[in-house]
Structures are given as structure tokens and as C-alpha cells.
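Step one of this worksheet: look at the structure below.
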Amino acid sequence: MRASTQDFNLAVYEIVKAIPPRKVITCGHIAKLLGVPKQARQVRNAVNFISHMNPPVAWHRVISTSGVISTHGANAQQHLLEVEGVEVYVGIVGETRVMVDRWGWSPKMGDPKLGMRFEAEEETEWGA
């Protein structure tokens with residue numbers, strides 16, 4: 001049985017709630033924690049959804065797998081990260097980035113701080 005979008009969004013929400021201040025996590029790392037390592041884009045969609053929730057969660061602490069912050073509304077994400085003390089810099093082609101190796105938060109699967117319960121289906125390859 002496939003997990004619902006609501007369950008997936010809730011699992012992402014629980015992880016985002018657990019991100020400590022002055023730390024970031026990538027969409028790819030969240031996808032791995034959820035047992036769906038190829039679904040970083042769905043994580044980004046879930047983060048976009050939960051960024052409008054009330055009470056708010058620290059959605060700005062979720063960045064792309066390559067360390068680039070949001071290209072849509074980057075100023076808001078950049079501002080919130082900088083207010084927390086996370087250093088943001090401009091990359092070689094003008095993209096706004098965070099150094100994941102310095103500011104990254106890397107919890108392990110099953111970390112009790114995450115408080116999530118999500119049962120992922122095994123991912124299948126195209127044509128399998």
C-alpha cells in the first residue's frame with residue numbers, strides 16, 4: 001500500500017521541526033531519512049507546502065542537495081538563514097549557497113529526535 005501525500009508531508013514536517021537553529025539539511029538527506037532516496041523533488045514540494053503552515057516551521061533550513069538555497073523567494077530564505085547566523089555566499093555562477101559541510105545537519109535514520117513514523121514503499125526502477 002502506497003503512503004499518502006499527507007503522510008509524506010507530515011513525515012517531512014516532523015524532520016523540519018527537528019532541525020536545530022544554525023543548521024541546514026538538504027532535500028536529498030530528508031528523502032534518504034524517509035527511505036525514498038530518489039524523491040528529493042517531492043521533499044522540496046512538501047517543504048513548499050509546509051512553509052505556509054501555521055504555526056510556522058523553519059522551512060528555510062531546508063536547501064537543495066547541492067547547497068543552493070531557493071531560487072524562488074531566495075531573499076526570504078537567505079535573510080532567515082543569516083538572521084540565525086548561517087553564512088550564505090554567492091557561487092561561481094551567481095547562485096546563493098550554504099556550505100553544507102559546515103552548516104549541515106545529518107541525523108541518522110531512526111534518530112528519536114525526528115519523531116517521525118513513515119513507511120515508504122520500496123522504490124522501483126523504470127521498466128522494472
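Naming works like this for the C-alpha cells: A, B, ... for the chains as they're shown, residue 1 at the start of each chain, ligands 1 onward in shown order.
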
Close residues, Asn9 (chain A) itself excluded, 9 Å, only C-alpha atoms, min 6 positions apart in chain, as a PyMOL selection string: chain A and resi 43+45-47+49-50

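Proximity to Thr5 (chain A) at 10 Å, evaluated using only C-alpha atoms and with sequence-adjacent residues fewer than 5 positions away removed, yields A:Leu10, A:Ala11, A:Gln42, A:Ala46.
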
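In this model, the gap between CA of Ile30 (chain A) and CA of Val98 (chain A) comes to 16.7 Å.
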
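Candidate residues A:Met99, A:Val24, A:Lys17, A:Gln39 were compared for distance to Leu80 (chain A), and the nearest is A:Val24, using only C-alpha atoms.
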
Within 12 Å of Trp103 (chain A) using only C-alpha atoms, minus same-chain residues under 5 positions, as a ChimeraX atom specification: /A:19-26,61-63,67,81-82,84-88,97-98

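Residue nearest Asn48 (chain A), chosen from A:Gln77, A:Asp7, A:Val100, A:Ile92 and counting only C-alpha atoms: A:Gln77.
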
Expected answer as a count of residues only: helix (DSSP H, G or I) residues in chain A: 53
